[in-house]
$ cat data_14.tsv   # TSV, C-alpha atoms
chain	number	residue	atom	x	y	z
O	14	ASP	CA	6.00	-13.90	-6.29
O	15	ILE	CA	2.83	-12.82	-8.09
O	16	GLN	CA	3.51	-10.10	-10.65
O	17	MET	CA	0.90	-7.40	-11.15
O	18	THR	CA	0.89	-5.53	-14.47
O	19	GLN	CA	-1.16	-2.39	-15.00
O	20	SER	CA	-2.04	-0.87	-18.34
O	21	PRO	CA	-1.77	1.69	-19.62
O	22	SER	CA	1.01	3.27	-17.57
O	23	SER	CA	-0.59	6.64	-18.27
O	24	LEU	CA	-3.61	8.03	-20.03
O	25	SER	CA	-4.97	11.45	-20.91
O	26	ALA	CA	-8.59	12.31	-20.37
O	27	SER	CA	-10.93	15.24	-19.80
O	28	VAL	CA	-13.20	16.18	-16.95
O	29	GLY	CA	-16.43	14.24	-17.38
O	30	ASP	CA	-14.87	11.37	-19.32
O	31	ARG	CA	-15.34	7.71	-18.45
O	32	VAL	CA	-12.01	5.91	-18.09
O	33	THR	CA	-11.11	2.28	-17.59
O	34	PHE	CA	-7.74	0.78	-16.87
O	35	THR	CA	-6.62	-2.73	-16.22
O	36	CYS	CA	-4.54	-4.85	-13.88
O	37	ARG	CA	-3.37	-8.36	-14.74
O	38	ALA	CA	-1.98	-10.91	-12.29
O	39	SER	CA	0.67	-13.44	-13.29
O	40	GLN	CA	-1.50	-16.20	-11.79
O	41	SER	CA	-5.06	-16.49	-10.57
O	42	ILE	CA	-5.73	-14.45	-7.44
O	43	SER	CA	-9.49	-15.07	-7.29
O	44	SER	CA	-10.92	-11.72	-6.12
O	45	TYR	CA	-8.05	-10.77	-3.81
O	46	LEU	CA	-7.45	-7.50	-5.62
O	47	ASN	CA	-7.50	-3.99	-4.22
O	48	TRP	CA	-7.27	-0.58	-5.86
O	49	TYR	CA	-5.65	2.50	-4.35
O	50	GLN	CA	-5.47	6.14	-5.36
O	51	GLN	CA	-2.33	8.11	-4.57
O	52	LYS	CA	-1.96	11.85	-4.86
O	53	PRO	CA	1.50	13.46	-4.99
O	54	GLY	CA	3.18	13.60	-1.60
O	55	LYS	CA	0.37	11.66	0.07
O	56	ALA	CA	-0.17	8.11	1.25
O	57	PRO	CA	-2.28	5.81	-0.91
O	58	LYS	CA	-6.02	5.69	-0.25
O	59	LEU	CA	-8.08	2.53	-0.53
O	60	LEU	CA	-10.81	2.77	-3.18
O	61	ILE	CA	-11.89	-0.81	-3.93
O	62	TYR	CA	-11.34	-4.05	-2.02
O	63	GLY	CA	-12.10	-7.60	-3.02
O	64	ALA	CA	-12.06	-6.55	-6.70
O	65	THR	CA	-15.56	-5.05	-6.63
O	66	SER	CA	-16.47	-3.57	-3.23
O	67	LEU	CA	-16.38	0.17	-2.72
O	68	GLN	CA	-14.55	1.34	0.41
O	69	SER	CA	-16.69	3.43	2.74
O	70	GLY	CA	-16.67	7.09	1.82
O	71	VAL	CA	-15.41	6.59	-1.73
O	72	PRO	CA	-17.60	8.19	-4.43
O	73	SER	CA	-19.78	5.85	-6.45
O	74	ARG	CA	-18.19	6.95	-9.73
O	75	PHE	CA	-15.43	4.46	-8.90
O	76	SER	CA	-16.11	0.80	-9.60
O	77	GLY	CA	-14.09	-2.38	-9.97
O	78	SER	CA	-14.63	-5.63	-11.78
O	79	GLY	CA	-12.88	-8.88	-12.60
O	80	SER	CA	-11.66	-12.08	-11.03
O	81	GLY	CA	-8.94	-14.61	-11.65
O	82	THR	CA	-6.17	-12.76	-13.47
O	83	ASP	CA	-7.87	-9.78	-15.13
O	84	PHE	CA	-9.30	-6.77	-13.33
O	85	THR	CA	-10.50	-3.30	-14.23
O	86	LEU	CA	-11.04	-0.01	-12.43
O	87	THR	CA	-13.57	2.33	-13.99
O	88	ILE	CA	-14.13	5.98	-13.18
O	89	THR	CA	-17.32	7.38	-14.64
O	90	SER	CA	-17.40	11.15	-15.12
O	91	LEU	CA	-13.86	12.11	-14.15
O	92	GLN	CA	-13.60	14.92	-11.64
O	93	PRO	CA	-10.65	17.34	-11.30
O	94	GLU	CA	-9.49	15.60	-8.11
O	95	ASP	CA	-9.30	12.23	-9.91
O	96	PHE	CA	-6.28	13.20	-12.02
O	97	THR	CA	-3.63	11.27	-10.16
O	98	THR	CA	-2.08	7.79	-9.93
O	99	TYR	CA	-3.84	4.47	-9.29
O	100	TYR	CA	-2.35	1.20	-8.08
O	101	CYS	CA	-3.68	-2.32	-7.93
O	102	GLN	CA	-2.48	-4.73	-5.23
O	103	GLN	CA	-3.00	-8.43	-4.63
O	104	SER	CA	-3.66	-9.84	-1.17
O	105	TYR	CA	-3.84	-13.46	-2.31
O	106	SER	CA	-0.40	-14.42	-1.04
O	107	THR	CA	2.68	-12.88	0.48
O	108	PRO	CA	4.59	-10.97	-0.63
O	109	TRP	CA	1.64	-8.72	-1.31
O	110	THR	CA	2.54	-7.05	-4.58
O	111	PHE	CA	1.46	-3.88	-6.33
O	112	GLY	CA	1.16	-2.95	-9.96
O	113	GLN	CA	3.45	-0.22	-11.27
O	114	GLY	CA	0.62	2.30	-11.40
O	115	THR	CA	-1.54	4.12	-13.95
O	116	LYS	CA	-1.30	7.90	-14.05
O	117	VAL	CA	-4.41	9.75	-15.21
O	118	GLU	CA	-3.49	13.08	-16.76
O	119	ILE	CA	-5.52	16.01	-17.98
O	120	LYS	CA	-5.90	16.13	-21.75
M	21	GLN	CA	-10.16	9.13	14.97
M	22	VAL	CA	-8.34	6.11	13.65
M	23	GLN	CA	-4.85	7.09	12.59
M	24	LEU	CA	-1.25	6.02	12.24
M	25	VAL	CA	1.38	8.64	12.94
M	26	GLN	CA	4.94	8.00	11.86
M	27	SER	CA	8.25	9.43	13.03
M	28	GLY	CA	10.02	12.18	11.16
M	29	ALA	CA	12.40	12.23	8.23
M	30	GLU	CA	15.84	10.66	8.56
M	31	VAL	CA	19.17	11.14	6.80
M	32	LYS	CA	21.59	8.26	7.09
M	33	LYS	CA	24.97	7.29	5.70
M	34	PRO	CA	25.48	4.10	3.71
M	35	GLY	CA	25.97	1.13	5.99
M	36	ALA	CA	24.01	2.66	8.86
M	37	SER	CA	20.62	1.57	10.22
M	38	VAL	CA	17.33	3.42	10.51
M	39	LYS	CA	14.38	2.77	12.79
M	40	VAL	CA	10.98	4.21	11.88
M	41	SER	CA	8.07	4.25	14.30
M	42	CYS	CA	4.33	4.07	13.64
M	43	LYS	CA	1.99	5.02	16.49
M	44	ALA	CA	-1.59	3.82	16.30
M	45	SER	CA	-4.56	5.54	17.88
M	46	GLY	CA	-8.34	5.32	17.75
M	47	TYR	CA	-8.55	1.53	17.57
M	48	THR	CA	-7.36	-1.61	19.33
M	49	PHE	CA	-3.70	-1.85	18.36
M	50	THR	CA	-3.48	-5.60	18.83
M	51	GLY	CA	-6.49	-6.27	16.64
M	52	TYR	CA	-4.96	-5.60	13.24
M	53	TYR	CA	-1.78	-6.58	11.41
M	54	LEU	CA	0.50	-3.69	10.45
M	55	HIS	CA	2.43	-3.73	7.21
M	56	TRP	CA	5.35	-1.68	5.92
M	57	VAL	CA	5.46	-0.45	2.33
M	58	ARG	CA	8.12	1.72	0.76
M	59	GLN	CA	8.18	3.98	-2.29
M	60	ALA	CA	11.40	5.17	-3.90
M	61	PRO	CA	11.27	8.64	-5.49
M	62	GLY	CA	9.07	8.55	-8.60
M	63	GLN	CA	8.54	4.82	-8.28
M	64	GLY	CA	5.78	2.41	-7.29
M	65	LEU	CA	4.88	0.74	-4.01
M	66	ASP	CA	7.01	-2.09	-2.60
M	67	TRP	CA	5.72	-4.36	0.20
M	68	MET	CA	8.36	-4.99	2.88
M	69	GLY	CA	6.57	-7.16	5.41
M	70	ARG	CA	4.08	-7.29	8.23
M	71	ILE	CA	3.81	-7.76	11.97
M	72	SER	CA	1.07	-9.04	14.20
M	73	PRO	CA	0.90	-6.51	17.05
M	74	ASN	CA	-0.86	-9.20	19.10
M	75	THR	CA	1.76	-11.94	18.90
M	76	GLY	CA	4.77	-10.18	17.42
M	77	ASP	CA	4.87	-12.68	14.55
M	78	THR	CA	6.44	-11.28	11.40
M	79	ASN	CA	6.62	-12.03	7.67
M	80	TYR	CA	9.24	-10.30	5.55
M	81	ALA	CA	9.62	-9.97	1.81
M	82	GLN	CA	12.52	-12.10	0.58
M	83	LYS	CA	14.39	-9.08	-0.76
M	84	PHE	CA	14.62	-7.58	2.73
M	85	GLN	CA	15.30	-10.77	4.68
M	86	GLY	CA	18.32	-10.36	6.93
M	87	ARG	CA	18.21	-6.56	6.79
M	88	VAL	CA	14.76	-5.73	8.15
M	89	SER	CA	13.29	-6.16	11.61
M	90	MET	CA	9.71	-5.32	12.59
M	91	THR	CA	8.82	-5.04	16.25
M	92	ARG	CA	6.10	-3.54	18.39
M	93	ASP	CA	5.47	-2.11	21.85
M	94	THR	CA	1.89	-2.82	22.83
M	95	ALA	CA	2.11	-0.58	25.90
M	96	ILE	CA	2.36	2.48	23.68
M	97	SER	CA	0.56	1.11	20.60
M	98	THR	CA	3.60	1.60	18.43
M	99	ALA	CA	5.20	-0.51	15.72
M	100	TYR	CA	8.75	-0.17	14.49
M	101	MET	CA	10.59	-1.01	11.28
M	102	GLU	CA	14.37	-1.13	11.38
M	103	LEU	CA	16.39	-1.47	8.19
M	104	SER	CA	20.11	-2.10	8.45
M	105	ARG	CA	23.12	-1.95	6.11
M	106	LEU	CA	21.51	0.94	4.28
M	107	ARG	CA	22.35	1.60	0.63
M	108	SER	CA	21.60	4.56	-1.59
M	109	ASP	CA	18.77	2.64	-3.23
M	110	ASP	CA	17.02	2.41	0.14
M	111	THR	CA	16.24	6.12	-0.22
M	112	ALA	CA	12.44	6.12	-0.13
M	113	VAL	CA	9.31	7.09	1.72
M	114	TYR	CA	8.42	4.34	4.19
M	115	TYR	CA	4.75	3.84	5.07
M	116	CYS	CA	3.04	1.76	7.72
M	117	ALA	CA	-0.45	0.57	6.84
M	118	ARG	CA	-3.20	-1.18	8.77
M	119	ASN	CA	-4.48	-4.48	7.42
M	120	LYS	CA	-8.26	-4.70	7.69
M	121	TYR	CA	-10.10	-7.94	7.06
M	122	TYR	CA	-13.31	-7.40	5.11
M	123	ALA	CA	-15.64	-10.23	6.04
M	124	ASP	CA	-18.14	-9.39	3.27
M	125	ARG	CA	-15.51	-10.29	0.66
M	126	SER	CA	-13.31	-12.54	2.84
M	127	THR	CA	-10.33	-10.43	1.90
M	128	ASP	CA	-7.72	-8.06	3.31
M	129	ALA	CA	-6.71	-4.54	2.32
M	130	PHE	CA	-4.79	-1.56	3.68
M	131	ASP	CA	-7.50	0.75	4.99
M	132	ILE	CA	-5.43	3.19	7.07
M	133	TRP	CA	-1.97	4.49	6.17
M	134	GLY	CA	0.59	6.52	8.06
M	135	GLN	CA	1.71	9.81	6.57
M	136	GLY	CA	5.03	8.34	5.45
M	137	THR	CA	8.62	8.81	6.61
M	138	MET	CA	11.28	9.96	4.16
M	139	VAL	CA	14.57	8.14	4.62
M	140	THR	CA	17.50	9.52	2.66
M	141	VAL	CA	20.70	7.49	2.38
M	142	SER	CA	23.63	9.60	1.29
M	143	SER	CA	27.31	9.89	2.01
$ encode --input "data_14.tsv" --output "structure tokens"
Amino acid sequence: DIQMTQSPSSLSASVGDRVTFTCRASQSISSYLNWYQQKPGKAPKLLIYGATSLQSGVPSRFSGSGSGTDFTLTITSLQPEDFTTYYCQQSYSTPWTFGQGTKVEIK
Amino acid sequence: QVQLVQSGAEVKKPGASVKVSCKASGYTFTGYYLHWVRQAPGQGLDWMGRISPNTGDTNYAQKFQGRVSMTRDTAISTAYMELSRLRSDDTAVYYCARNKYYADRSTDAFDIWGQGTMVTVSS
């Protein structure tokens, strides 16, 4: 199985900050990497697919980059509704695996 | 609108089975794979498997093999996930999610999720 490792597990930031966090795959997954946002008590929401493409309706302050084994999610100008948890997920091969999540907290 | 609506919360005893439903609406049910993902309290997301609503073909994660069964009823656009021999560590929210293929990136992602079904296993 492909292991997905996110870092950091949590970070503190302020409204308006730019934040970047990473996801590393245990083997190359090309660009088969998706990012999801999950708010407490809610289902995950797709933000980025194919490592870099923004899902329809997602604000442009979210962006993704990377290929192979190393990927990043960047949020420019954090908004109050962005303080929550983010997961990466690979769709390169089954079982499709998720990272353990990065929680963005208010500083 | 496109949505997946899941059945309600369940409480089961260890050793029992649970069957969760996921009803699709607003799109062609047989056109998209459906996956099941679970999340234990305070934990991350764990992929369980997928079903082709068109053919009924399934793929299960190794850790659930022998205990999980995914089926569908195309007449009512509903998929089911049954987990047997329940243990306390099966306590989790179970989600169904639609697999969309994005041709612009030649990749797949979960674009629509059900609201989740809480399954509690307790004696």
$ atom_distance --input "data_14.tsv" --atom1 "CA of Gln40 in chain O" --atom2 "CA of Asp66 in chain M"
18.9 Å
$ residues_around --input "data_14.tsv" --residues "Cys36 in chain O" --least-positions-apart "2" --cutoff "8 Å" --atoms "all atoms listed in the file" --output "PyMOL selection string"
chain O and resi 17-20+34+38+83-85+101+112
$ residues_around --input "data_14.tsv" --residues "range 23-29 of chain O" --least-positions-apart "3" --cutoff "12 Å" --atoms "all atoms listed in the file" --output "PyMOL selection string"
chain O and resi 19-20+32-35+74+88-100+113-120
$ closest_atom_pairs --input "data_14.tsv" --of "chain M" --to "chain O" --cutoff "6 Å" --atoms "only C-alpha atoms" --output "JSON lines"
{"residue": "M:Gly64", "atom": "CA", "partner": "O:Gln113", "partner_atom": "CA", "distance": 5.3}
{"residue": "M:Ala81", "atom": "CA", "partner": "O:Pro108", "partner_atom": "CA", "distance": 5.7}
{"residue": "M:Arg125", "atom": "CA", "partner": "O:Gly63", "partner_atom": "CA", "distance": 5.7}
{"residue": "M:Thr127", "atom": "CA", "partner": "O:Gly63", "partner_atom": "CA", "distance": 5.9}
{"residue": "M:Asp131", "atom": "CA", "partner": "O:Leu59", "partner_atom": "CA", "distance": 5.8}
{"residue": "M:Gln135", "atom": "CA", "partner": "O:Ala56", "partner_atom": "CA", "distance": 5.9}
$ closest_residue --input "data_14.tsv" --among "O:Ser22, O:Ser39, O:Ser80, O:Ser106" --to "Trp67 in chain M" --atoms "all atoms listed in the file"
O:Ser106
$ closest_residue --input "data_14.tsv" --among "M:Ala123, M:Val31, M:Val141, M:Val22" --to "Leu106 in chain M" --atoms "all atoms listed in the file"
M:Val141
$ residues_near_point --input "data_14.tsv" --point "(23.0, -2.3, 12.1)" --cutoff "10 Å" --atoms "all atoms listed in the file" --output "MDAnalysis selection string"
chainID M and resid 35:38 87:88 102:106
$ residues_around --input "data_14.tsv" --residues "Met138 in chain M" --least-positions-apart "3" --cutoff "6 Å" --atoms "only C-alpha atoms" --output "PyMOL selection string"
chain M and resi 29+112-113
$ residues_around --input "data_14.tsv" --residues "Ser41 in chain O" --least-positions-apart "2" --cutoff "7 Å" --atoms "all atoms listed in the file" --output "list in words"
Ala38, Ser43, Gly81 and Thr82 of chain O
$ closest_residue --input "data_14.tsv" --among "O:Gln50, O:Ser78, O:Ser73, O:Thr87" --to "Phe130 in chain M" --atoms "only C-alpha atoms"
O:Gln50
$ atom_distance --input "data_14.tsv" --atom1 "CA of Ile132 in chain M" --atom2 "CA of Lys32 in chain M"
27.5 Å
$ atom_distance --input "data_14.tsv" --atom1 "CA of Trp133 in chain M" --atom2 "CA of Ala117 in chain M"
4.3 Å
$ closest_residue --input "data_14.tsv" --among "M:Glu30, M:Thr140, M:Asp77, M:Leu65" --to "Ser89 in chain M" --atoms "only C-alpha atoms"
M:Asp77
$ residues_around --input "data_14.tsv" --residues "Tyr115 in chain M" --least-positions-apart "4" --cutoff "8 Å" --atoms "all atoms listed in the file" --output "number ranges by chain"
O: 56; M: 26, 56-58, 133-137
